[in-house]
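Visitor: What follows is target08.tsv, TSV, C-alpha atoms.
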chain	number	residue	atom	x	y	z
A	1019	MET	CA	0.00	0.00	0.00
A	1020	HIS	CA	1.40	3.36	-1.07
A	1021	PHE	CA	-0.12	6.62	0.14
A	1022	ILE	CA	2.39	8.82	-1.68
A	1023	PRO	CA	3.11	9.02	-5.45
A	1024	GLU	CA	5.02	6.00	-6.75
A	1025	GLU	CA	7.89	8.15	-8.04
A	1026	LEU	CA	8.38	9.72	-4.63
A	1027	ASP	CA	8.02	6.33	-2.94
A	1028	ASN	CA	10.76	4.95	-5.19
A	1029	TYR	CA	13.01	7.85	-4.20
A	1030	VAL	CA	12.44	7.05	-0.52
A	1031	VAL	CA	13.42	3.42	-1.04
A	1032	GLN	CA	16.46	4.33	-3.14
A	1033	HIS	CA	17.77	6.51	-0.32
A	1034	THR	CA	17.24	3.90	2.37
A	1035	GLU	CA	19.80	1.30	3.50
A	1036	ASP	CA	20.16	-1.56	1.01
A	1037	GLU	CA	18.23	-4.77	1.55
A	1038	PRO	CA	20.51	-7.61	2.78
A	1039	GLN	CA	21.14	-10.33	0.21
A	1040	LEU	CA	19.53	-13.07	2.29
A	1041	LEU	CA	16.32	-11.06	2.48
A	1042	GLN	CA	16.42	-10.49	-1.26
A	1043	GLN	CA	16.57	-14.27	-1.70
A	1044	LEU	CA	13.72	-14.76	0.78
A	1045	THR	CA	11.61	-12.24	-1.11
A	1046	ARG	CA	12.22	-13.92	-4.46
A	1047	GLU	CA	11.35	-17.37	-3.17
A	1048	THR	CA	8.26	-16.07	-1.37
A	1049	TYR	CA	6.95	-14.55	-4.60
A	1050	GLN	CA	7.77	-17.74	-6.50
A	1051	LYS	CA	6.27	-20.28	-4.12
A	1052	ILE	CA	4.03	-18.76	-1.43
A	1053	LEU	CA	0.48	-17.44	-1.57
A	1054	GLN	CA	-0.15	-13.75	-0.82
A	1055	PRO	CA	3.48	-12.58	-1.17
A	1056	ARG	CA	2.39	-8.98	-0.62
A	1057	MET	CA	2.18	-9.87	3.07
A	1058	LEU	CA	5.96	-9.48	3.22
A	1059	SER	CA	7.21	-6.47	5.16
A	1060	GLY	CA	9.54	-5.75	2.25
A	1061	HIS	CA	12.70	-3.72	1.79
A	1062	TYR	CA	11.63	-0.32	3.12
A	1063	GLN	CA	9.54	-1.39	6.09
A	1064	GLY	CA	12.04	-4.12	6.86
A	1065	ARG	CA	14.82	-1.53	7.20
A	1066	ILE	CA	12.57	0.49	9.50
A	1067	LEU	CA	12.00	-2.56	11.71
A	1068	SER	CA	15.74	-3.23	11.72
A	1069	MET	CA	16.57	0.36	12.65
A	1070	ILE	CA	14.05	0.46	15.50
A	1071	SER	CA	15.33	-2.84	16.86
A	1072	LYS	CA	18.95	-1.65	16.68
A	1073	MET	CA	18.01	1.53	18.55
A	1074	ILE	CA	16.29	-0.47	21.31
A	1075	ARG	CA	18.84	-3.30	21.52
A	1076	PRO	CA	16.21	-5.67	22.92
A	1077	LYS	CA	16.99	-8.66	25.08
A	1078	ASN	CA	13.78	-10.41	24.04
A	1079	ILE	CA	11.49	-9.85	21.06
A	1080	LEU	CA	8.01	-11.22	20.42
A	1081	GLU	CA	6.57	-11.38	16.92
A	1082	ILE	CA	2.93	-12.28	16.32
A	1083	GLY	CA	2.61	-13.39	12.70
A	1084	THR	CA	5.74	-14.90	11.12
A	1085	TYR	CA	4.61	-15.47	7.50
A	1086	THR	CA	7.86	-16.42	5.69
A	1087	GLY	CA	10.19	-14.92	8.28
A	1088	TYR	CA	11.22	-11.63	6.65
A	1089	SER	CA	10.25	-9.31	9.50
A	1090	ALA	CA	11.67	-11.69	12.12
A	1091	LEU	CA	15.08	-11.53	10.44
A	1092	CYS	CA	14.89	-7.73	10.30
A	1093	LEU	CA	13.99	-7.46	13.98
A	1094	ALA	CA	16.69	-9.97	14.96
A	1095	GLU	CA	19.36	-7.59	13.62
A	1096	GLY	CA	19.02	-5.52	16.79
A	1097	LEU	CA	19.05	-8.39	19.31
A	1098	GLN	CA	21.59	-8.47	22.09
A	1099	GLU	CA	24.08	-11.34	21.72
A	1100	SER	CA	22.35	-13.27	24.48
A	1101	GLY	CA	18.86	-12.27	23.33
A	1102	ALA	CA	16.04	-14.27	21.77
A	1103	LEU	CA	13.22	-13.69	19.33
A	1104	HIS	CA	10.00	-15.66	19.73
A	1105	THR	CA	7.81	-15.72	16.63
A	1106	ILE	CA	4.31	-17.19	16.44
A	1107	ASP	CA	2.30	-18.36	13.44
A	1108	VAL	CA	-0.58	-20.74	12.80
A	1109	ASN	CA	0.51	-21.84	9.31
A	1110	GLU	CA	2.22	-25.21	9.66
A	1111	GLU	CA	3.08	-25.29	5.94
A	1112	LEU	CA	5.44	-22.32	6.29
A	1113	PHE	CA	7.38	-23.68	9.29
A	1114	ASP	CA	10.21	-25.32	7.33
A	1115	PHE	CA	10.43	-22.40	4.89
A	1116	GLN	CA	10.94	-20.01	7.80
A	1117	ARG	CA	13.48	-22.28	9.46
A	1118	LYS	CA	15.59	-22.53	6.31
A	1119	TYR	CA	16.09	-18.78	6.21
A	1120	PHE	CA	16.49	-18.41	9.96
A	1121	ASP	CA	19.27	-21.02	9.94
A	1122	ALA	CA	20.91	-19.35	6.94
A	1123	SER	CA	21.23	-16.14	8.96
A	1124	GLU	CA	23.55	-15.37	11.84
A	1125	TYR	CA	20.55	-15.30	14.20
A	1126	GLY	CA	19.31	-18.86	13.69
A	1127	ASP	CA	20.07	-20.01	17.24
A	1128	GLN	CA	18.29	-16.97	18.67
A	1129	ILE	CA	15.03	-17.33	16.76
A	1130	HIS	CA	12.41	-19.63	18.31
A	1131	GLN	CA	9.34	-20.63	16.30
A	1132	HIS	CA	5.98	-21.32	17.92
A	1133	LEU	CA	3.21	-22.98	15.94
A	1134	GLY	CA	-0.40	-22.40	16.91
A	1135	PRO	CA	-2.83	-19.68	18.06
A	1136	ALA	CA	-0.97	-16.75	19.59
A	1137	LEU	CA	-3.70	-16.24	22.19
A	1138	GLU	CA	-2.86	-19.68	23.58
A	1139	ILE	CA	0.92	-19.50	23.19
A	1140	ILE	CA	1.63	-16.03	24.63
A	1141	PRO	CA	0.41	-16.85	28.18
A	1142	GLU	CA	2.73	-19.88	28.20
A	1143	LEU	CA	5.87	-17.86	27.40
A	1144	ASP	CA	7.78	-17.39	30.64
A	1145	VAL	CA	9.63	-14.29	29.49
A	1146	THR	CA	9.16	-10.53	29.35
A	1147	PHE	CA	9.80	-8.51	26.22
A	1148	ASP	CA	11.46	-5.26	25.21
A	1149	LEU	CA	10.00	-5.24	21.70
A	1150	VAL	CA	6.80	-6.71	20.24
A	1151	PHE	CA	5.72	-6.72	16.59
A	1152	ILE	CA	2.07	-7.46	15.79
A	1153	ASP	CA	1.30	-8.43	12.19
A	1154	ALA	CA	-1.36	-11.13	12.28
A	1155	ASP	CA	-5.16	-11.52	12.12
A	1156	LYS	CA	-6.66	-8.07	12.64
A	1157	GLU	CA	-9.71	-9.31	14.54
A	1158	ASN	CA	-7.46	-10.25	17.47
A	1159	TYR	CA	-5.30	-7.12	17.59
A	1160	PRO	CA	-7.11	-5.80	20.71
A	1161	ASN	CA	-6.83	-9.22	22.37
A	1162	TYR	CA	-3.12	-9.42	21.58
A	1163	PHE	CA	-2.58	-5.99	23.08
A	1164	HIS	CA	-4.17	-6.92	26.41
A	1165	LEU	CA	-2.10	-10.10	26.60
A	1166	ILE	CA	1.27	-8.64	25.70
A	1167	LEU	CA	1.11	-5.48	27.77
A	1168	GLU	CA	1.51	-7.59	30.91
A	1169	LYS	CA	4.64	-9.16	29.42
A	1170	LEU	CA	6.12	-5.90	28.13
A	1171	ASN	CA	8.91	-4.37	30.19
A	1172	PRO	CA	8.62	-0.69	31.21
A	1173	GLY	CA	9.89	1.37	28.30
A	1174	GLY	CA	9.20	-1.54	25.97
A	1175	ILE	CA	7.90	-0.97	22.46
A	1176	ILE	CA	4.92	-2.41	20.58
A	1177	LEU	CA	5.01	-2.11	16.79
A	1178	SER	CA	1.64	-2.68	15.11
A	1179	ASP	CA	1.39	-3.19	11.35
A	1180	ASN	CA	-1.47	-2.45	8.90
A	1181	VAL	CA	-3.15	0.09	11.17
A	1182	LEU	CA	-4.33	2.17	8.18
A	1183	TRP	CA	-5.79	-0.98	6.58
A	1184	SER	CA	-5.60	0.19	2.97
A	1185	GLY	CA	-7.30	3.45	3.94
A	1186	LYS	CA	-10.46	1.71	5.15
A	1187	VAL	CA	-10.07	3.36	8.57
A	1188	ILE	CA	-11.47	6.62	7.17
A	1189	GLU	CA	-14.17	5.08	4.97
A	1190	PRO	CA	-17.77	4.33	6.03
A	1191	LEU	CA	-17.70	1.08	7.97
A	1192	ASN	CA	-19.40	-1.97	6.50
A	1193	PRO	CA	-21.04	-3.71	9.49
A	1194	LYS	CA	-19.91	-7.07	8.08
A	1195	ASP	CA	-16.25	-5.97	7.83
A	1196	THR	CA	-14.94	-7.38	11.11
A	1197	SER	CA	-11.29	-6.74	10.24
A	1198	THR	CA	-11.74	-3.00	9.72
A	1199	LYS	CA	-13.89	-2.78	12.82
A	1200	ALA	CA	-11.14	-4.44	14.86
A	1201	VAL	CA	-8.45	-2.12	13.47
A	1202	LEU	CA	-10.57	0.92	14.32
A	1203	GLU	CA	-11.10	-0.40	17.85
A	1204	TYR	CA	-7.40	-1.14	18.18
A	1205	ASN	CA	-6.28	2.30	17.03
A	1206	THR	CA	-8.63	3.92	19.53
A	1207	LEU	CA	-7.38	1.60	22.25
A	1208	LEU	CA	-3.75	2.58	21.63
A	1209	LYS	CA	-4.62	6.27	21.65
A	1210	GLU	CA	-6.64	6.18	24.85
A	1211	ASP	CA	-4.82	3.65	27.06
A	1212	SER	CA	-2.95	5.68	29.67
A	1213	ARG	CA	-0.34	2.96	30.22
A	1214	ILE	CA	1.29	3.65	26.85
A	1215	GLU	CA	2.18	6.55	24.57
A	1216	THR	CA	1.61	6.11	20.85
A	1217	VAL	CA	2.47	7.61	17.49
A	1218	LEU	CA	0.98	6.35	14.23
A	1219	LEU	CA	3.30	6.51	11.24
A	1220	SER	CA	2.00	6.60	7.66
A	1221	VAL	CA	4.56	4.00	6.61
A	1222	ARG	CA	3.26	1.68	3.89
A	1223	ASP	CA	-0.09	0.44	5.31
A	1224	GLY	CA	0.40	2.19	8.64
A	1225	LEU	CA	2.82	1.35	11.47
A	1226	THR	CA	2.11	2.32	15.07
A	1227	ILE	CA	4.84	2.71	17.68
A	1228	SER	CA	3.60	2.41	21.25
A	1229	ARG	CA	5.85	2.76	24.31
A	1230	LYS	CA	4.95	1.39	27.73
A	1231	LYS	CA	5.33	4.04	30.41
Could you render the structure from this file as structure tokens?
Guide:
Amino acid sequence: MHFIPEELDNYVVQHTEDEPQLLQQLTRETYQKILQPRMLSGHYQGRILSMISKMIRPKNILEIGTYTGYSALCLAEGLQESGALHTIDVNEELFDFQRKYFDASEYGDQIHQHLGPALEIIPELDVTFDLVFIDADKENYPNYFHLILEKLNPGGIILSDNVLWSGKVIEPLNPKDTSTKAVLEYNTLLKEDSRIETVLLSVRDGLTISRKK
């Protein structure tokens, strides 16, 4: 999703840090073999995730929604040497694909995959997090927030993807559109919850940064 002219968007990407070769390979194979390849974070957003992670230097990262592993590898670039990234997805068919690229990176031993519903897995994780990235089923965004806030360290960051939802957030709501309804509820929740401070960035399809006070 692009909310600025394509020519200007191209300029932005051209003047952003280059995409690592391994991620270029992951992107190519995703487009060749996997359904809905547009779900990838991609070069520009991936470099944003990497930069934020490097600025935070997290000990532990939680990712909700792995897809083919692109964003996990970007976030892992900022991990402390003794840190760990826990990534959760429900798609069993992508597990080995993700693992191949995780093991091909320098962060393979630090990335832990969890297969199943995030709402069931998160309560079982006996760890607190410095950085959380949410990029999964929109209907559960509010539920994810309530679960992870308890496991987020003070000063910890929540990154939430697709919060502009292709611009649907400012269109008349279709009562049957549960995804848009959930995103609207989630955006309001982030704005009004006094335990966090939030800024919404118009990056690609919308990326929110929320910091726990």
Visitor: Using only C-alpha atoms, can you tell me which of A:Lys1156, A:Arg1213, A:Lys1118, A:His1104 comes closest to A:Ile1139?
Guide: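 Among A:Lys1156, A:Arg1213, A:Lys1118, A:His1104, it is A:His1104 that comes nearest to A:Ile1139.
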Visitor: Can you tell me which residues surround stretch 1186-1196 of chain A at a distance of at most 12 Å, considering only C-alpha atoms, apart from same-chain residues fewer than 5 positions away, and format the answer as a CSV table (one decimal) with C-alpha atoms, in the frame of the given file?
Guide:
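Dumped to around_17.csv:
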chain,number,residue,atom,x,y,z
A,1019,MET,CA,0.0,0.0,0.0
A,1155,ASP,CA,-5.2,-11.5,12.1
A,1156,LYS,CA,-6.7,-8.1,12.6
A,1157,GLU,CA,-9.7,-9.3,14.5
A,1158,ASN,CA,-7.5,-10.2,17.5
A,1159,TYR,CA,-5.3,-7.1,17.6
A,1180,ASN,CA,-1.5,-2.4,8.9
A,1181,VAL,CA,-3.2,0.1,11.2
A,1201,VAL,CA,-8.4,-2.1,13.5
A,1202,LEU,CA,-10.6,0.9,14.3
A,1203,GLU,CA,-11.1,-0.4,17.8
A,1204,TYR,CA,-7.4,-1.1,18.2
A,1205,ASN,CA,-6.3,2.3,17.0
A,1206,THR,CA,-8.6,3.9,19.5
A,1223,ASP,CA,-0.1,0.4,5.3
A,1224,GLY,CA,0.4,2.2,8.6
Visitor: Please produce, as a Markdown table, a per-residue contact table for stretch 1087-1176 of chain A versus stretch 1054-1065 of chain A (criterion: any atom at most 10 Å away, only C-alpha atoms considered), showing the nearest atom pair and its distance in Å to one decimal, sorted by chain then residue number.
Guide:
| residue | atom | partner | partner_atom | distance |
| --- | --- | --- | --- | --- |
| A:Gly1087 | CA | A:Leu1058 | CA | 8.5 |
| A:Tyr1088 | CA | A:Leu1058 | CA | 6.6 |
| A:Ser1089 | CA | A:Ser1059 | CA | 6.0 |
| A:Ala1090 | CA | A:Gly1064 | CA | 9.2 |
| A:Leu1091 | CA | A:Gly1064 | CA | 8.8 |
| A:Cys1092 | CA | A:Gly1064 | CA | 5.7 |
| A:Leu1093 | CA | A:Gly1064 | CA | 8.1 |
| A:Glu1095 | CA | A:Arg1065 | CA | 9.9 |
| A:Asp1153 | CA | A:Met1057 | CA | 9.3 |
| A:Ala1154 | CA | A:Met1057 | CA | 9.9 |
Visitor: Leaving out stretch 1165-1173 of chain A and any residue of its chain fewer than 5 positions from it, which residues lie within 6 Å of it when counting only C-alpha atoms, given as JSON, numbers by chain?
Guide: {"A": [1146, 1147, 1148, 1229, 1230, 1231]}
Visitor: Name the closest residue to A:Pro1076 among the candidates A:Val1150, A:Ile1140, A:Leu1219, A:Ile1106; distances are taken between atoms, counting all atoms listed in the file.
Guide: A:Val1150
Visitor: Find the distance between atom CA of A:Thr1216 and atom CA of A:Ile1070 and write it in Å to one decimal.
Guide: 14.7 Å
Visitor: Mind giving me the straight-line distance from atom CA of A:Ile1227 to atom CA of A:Leu1208 in Å, one decimal?
Guide: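 For atom CA of A:Ile1227 relative to atom CA of A:Leu1208, the distance reads 9.5 Å.
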Visitor: Please compute the atom CA of A:Ile1176-atom CA of A:Leu1149 distance, one decimal, in Å.
Guide: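 Interatomic distance here is 5.9 Å.
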Visitor: Determine, counting only C-alpha atoms, which protein, DNA and RNA residues have an atom within 9 Å of an atom of A:His1132; residues of the same chain fewer than 2 positions away are not included. Present the result as a list in words.
Guide: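 Once the nearby chain positions are removed, what remains is His1104, Thr1105, Ile1106, Asp1107, Val1108, His1130, Gly1134, Pro1135, Ala1136 and Ile1139 of chain A.
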Visitor: From the list A:Ala1094, A:Val1031, A:Thr1086, A:Thr1045, which residue is nearest A:Ile1074 when using all atoms listed in the file?
Guide: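 Using all atoms listed in the file, the shortest distance to A:Ile1074 belongs to A:Ala1094.
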Visitor: Point out the residue among A:Leu1143, A:Ile1079, A:Leu1112, A:Leu1041 with the least atom-to-atom distance to A:Ser1100, counting all atoms listed in the file.
Guide: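 Closest residue, counting all atoms listed in the file: A:Ile1079.
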Visitor: Could I get the residues of stretch 1090-1197 of chain A with an atom no further than 12 Å from an atom of stretch 1021-1028 of chain A, each paired with its nearest atom pair and that distance in Å to one decimal, using only C-alpha atoms, sorted by chain and residue number, as JSON lines?
Guide:
{"residue": "A:Leu1182", "atom": "CA", "partner": "A:Phe1021", "partner_atom": "CA", "distance": 10.1}
{"residue": "A:Trp1183", "atom": "CA", "partner": "A:Phe1021", "partner_atom": "CA", "distance": 11.5}
{"residue": "A:Ser1184", "atom": "CA", "partner": "A:Phe1021", "partner_atom": "CA", "distance": 8.9}
{"residue": "A:Gly1185", "atom": "CA", "partner": "A:Phe1021", "partner_atom": "CA", "distance": 8.7}
Visitor: Between A:Leu1133, A:Ile1066, A:Ile1214, A:Leu1097, single out the one closest to A:Asp1114, counting all atoms listed in the file.
Guide: A:Leu1133
Visitor: With only C-alpha atoms as the basis for distance, which of A:Leu1040, A:Ile1152, A:Val1030, A:Leu1218 is at the shortest distance from A:Glu1124?
Guide: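 When distances to A:Glu1124 are compared using only C-alpha atoms, the smallest one comes from A:Leu1040.
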Visitor: Because some atoms of stretch 1060-1073 of chain A are absent here, can you restore N, CA and C atoms and send them as an mmCIF file, in the frame of the given file?
Guide:
data_model
loop_
_atom_site.group_PDB
_atom_site.id
_atom_site.type_symbol
_atom_site.label_atom_id
_atom_site.label_comp_id
_atom_site.auth_asym_id
_atom_site.auth_seq_id
_atom_site.Cartn_x
_atom_site.Cartn_y
_atom_site.Cartn_z
ATOM 1 N N GLY A 1060 8.852 -6.372 3.372
ATOM 2 C CA GLY A 1060 9.540 -5.750 2.250
ATOM 3 C C GLY A 1060 10.714 -4.879 2.639
ATOM 4 N N HIS A 1061 11.447 -4.455 1.618
ATOM 5 C CA HIS A 1061 12.700 -3.720 1.790
ATOM 6 C C HIS A 1061 12.566 -2.514 2.718
ATOM 7 N N TYR A 1062 11.694 -1.586 2.377
ATOM 8 C CA TYR A 1062 11.630 -0.320 3.120
ATOM 9 C C TYR A 1062 11.161 -0.520 4.554
ATOM 10 N N GLN A 1063 10.024 -1.184 4.726
ATOM 11 C CA GLN A 1063 9.540 -1.390 6.090
ATOM 12 C C GLN A 1063 10.487 -2.297 6.874
ATOM 13 N N GLY A 1064 11.089 -3.242 6.184
ATOM 14 C CA GLY A 1064 12.040 -4.120 6.860
ATOM 15 C C GLY A 1064 13.220 -3.348 7.437
ATOM 16 N N ARG A 1065 13.713 -2.346 6.691
ATOM 17 C CA ARG A 1065 14.820 -1.530 7.200
ATOM 18 C C ARG A 1065 14.362 -0.649 8.361
ATOM 19 N N ILE A 1066 13.094 -0.251 8.359
ATOM 20 C CA ILE A 1066 12.570 0.490 9.500
ATOM 21 C C ILE A 1066 12.528 -0.400 10.739
ATOM 22 N N LEU A 1067 12.038 -1.627 10.577
ATOM 23 C CA LEU A 1067 12.000 -2.560 11.710
ATOM 24 C C LEU A 1067 13.408 -2.826 12.236
ATOM 25 N N SER A 1068 14.348 -3.008 11.334
ATOM 26 C CA SER A 1068 15.740 -3.230 11.720
ATOM 27 C C SER A 1068 16.287 -2.055 12.503
ATOM 28 N N MET A 1069 16.048 -0.840 11.999
ATOM 29 C CA MET A 1069 16.570 0.360 12.650
ATOM 30 C C MET A 1069 15.997 0.534 14.052
ATOM 31 N N ILE A 1070 14.685 0.329 14.187
ATOM 32 C CA ILE A 1070 14.050 0.460 15.500
ATOM 33 C C ILE A 1070 14.624 -0.561 16.468
ATOM 34 N N SER A 1071 14.780 -1.797 16.010
ATOM 35 C CA SER A 1071 15.330 -2.840 16.860
ATOM 36 C C SER A 1071 16.763 -2.515 17.286
ATOM 37 N N LYS A 1072 17.561 -2.009 16.355
ATOM 38 C CA LYS A 1072 18.950 -1.650 16.680
ATOM 39 C C LYS A 1072 19.010 -0.497 17.675
ATOM 40 N N MET A 1073 18.057 0.407 17.610
ATOM 41 C CA MET A 1073 18.010 1.530 18.550
ATOM 42 C C MET A 1073 17.628 1.057 19.951
#
